[in-house]
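A short worksheet on the structure shown next.
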Amino acid sequence: MKLDAIDLRILEAIQENGRITKLALAERAGLSPTPCWLRLRKLEKAGIVTGYHARVAVRRLAPVASVLMEVTLANHRQADFDRFERAVAATPEIVACWSVGGGVDYILKIMAADIDAYQRLVDGLLDRDLGIDRYFTYIVTKTVKEETVLPLPTLLPSSE
């Protein structure tokens, strides 16, 4: 799907505020409300807008441990990757997982109540025989930047 400048303005606006009103969105996009709403629906149907979410400041509710974990699997058959990825998808504490090239196979972001809870989670993963050969743990001591809004104008080719 080819996006134009209006589509990009719509996407930027809803990234910043998923609860923006139809009227305010139309103003930001430079359209009247009905055509703007139709464009948004088209972006949703195309799978470009996949949902609307609230950002929860969990650390205001309770202390939590953020952990990054590198994982290398013992074997590199498709079945090994599939088994590991199914386990990751089924584990709520693993909030992000990236398959990466280089010296490791995956990088995971894990949110746990504390370091003990993180270690229990890892022990459970190891006990499940998911093919984990090595893992390295990095405790996040401070979040410097964590964006949820993508810089669309710098990522997408210019439509002009």
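Numbering starts fresh at 1 for the residues of each chain in the structure tokens, the chains themselves are lettered A, B, ... in the order given, and ligands are numbered from 1 as they appear.
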- Within 12 Å of A:Lys42, counting only C-alpha atoms, which residues show up once you throw out same-chain ones fewer than 5 positions away? Write them as a list in words, please. Met1, Lys2, Leu3, Asp7, Ile10, Leu11, Pro35, Cys36, Trp37, Gly47, Ile48, Val49 and Thr50 of chain A
- Message: Taking only stretch 55-124 of chain A into account, list the residues labelled strand (DSSP E or B) by DSSP (computed from the backbone), as a PyMOL selection string.
- Response: chain A and resi 65-73+94-99+106-112
Please dump the current selection as a PDB file, in the first residue's frame; keep C-alpha atoms.
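Result file follows (again-v7.pdb):
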ATOM      1  CA  ALA A  65      13.091  -5.704  37.061  1.00  0.00           C
ATOM      2  CA  SER A  66      13.709  -5.130  33.368  1.00  0.00           C
ATOM      3  CA  VAL A  67      16.116  -7.667  31.949  1.00  0.00           C
ATOM      4  CA  LEU A  68      17.647  -8.158  28.530  1.00  0.00           C
ATOM      5  CA  MET A  69      18.684 -11.707  27.792  1.00  0.00           C
ATOM      6  CA  GLU A  70      20.806 -13.059  24.961  1.00  0.00           C
ATOM      7  CA  VAL A  71      20.000 -16.651  23.990  1.00  0.00           C
ATOM      8  CA  THR A  72      21.962 -19.053  21.822  1.00  0.00           C
ATOM      9  CA  LEU A  73      20.351 -22.347  20.892  1.00  0.00           C
ATOM     10  CA  ILE A  94       8.852 -12.020  27.864  1.00  0.00           C
ATOM     11  CA  VAL A  95       7.551  -8.752  26.467  1.00  0.00           C
ATOM     12  CA  ALA A  96       9.781  -8.626  23.376  1.00  0.00           C
ATOM     13  CA  CYS A  97      11.912 -11.076  21.450  1.00  0.00           C
ATOM     14  CA  TRP A  98      14.087 -10.484  18.438  1.00  0.00           C
ATOM     15  CA  SER A  99      15.783 -13.105  16.289  1.00  0.00           C
ATOM     16  CA  TYR A 106      17.770 -14.143  20.138  1.00  0.00           C
ATOM     17  CA  ILE A 107      17.553 -11.079  22.335  1.00  0.00           C
ATOM     18  CA  LEU A 108      14.666 -11.036  24.797  1.00  0.00           C
ATOM     19  CA  LYS A 109      13.223  -8.272  26.938  1.00  0.00           C
ATOM     20  CA  ILE A 110      11.786  -9.630  30.161  1.00  0.00           C
ATOM     21  CA  MET A 111       9.778  -7.840  32.831  1.00  0.00           C
ATOM     22  CA  ALA A 112       9.748  -9.594  36.199  1.00  0.00           C
TER      23      ALA A 112
END
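Going from atom CA of A:Leu125 over to atom CA of A:Ala87, you cover 8.1 Å.
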- Query: Of the candidates A:Ala90, A:Ala46, A:Ala117, A:Ile132, which shows the shortest atom-to-atom distance to A:Asp105, using only C-alpha atoms?
  - Reply: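 Closest residue, counting only C-alpha atoms: A:Ile132.
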- Task: Write out as an MDAnalysis selection string which residues come within 9 Å of stretch 144-151 of chain A when counting only C-alpha atoms, dropping same-chain ones fewer than 3 positions away.
- Result: chainID A and resid 12 15:16 55 154:156
- What does the distance from atom CA of A:Gln78 to atom CA of A:Asp123 come to in Å, to one decimal? 23.6 Å
- Query: Separation of atom CA of A:Val88 and atom CA of A:Asp133, in Å?
  - Reply: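 For atom CA of A:Val88 relative to atom CA of A:Asp133, the distance reads 15.6 Å.
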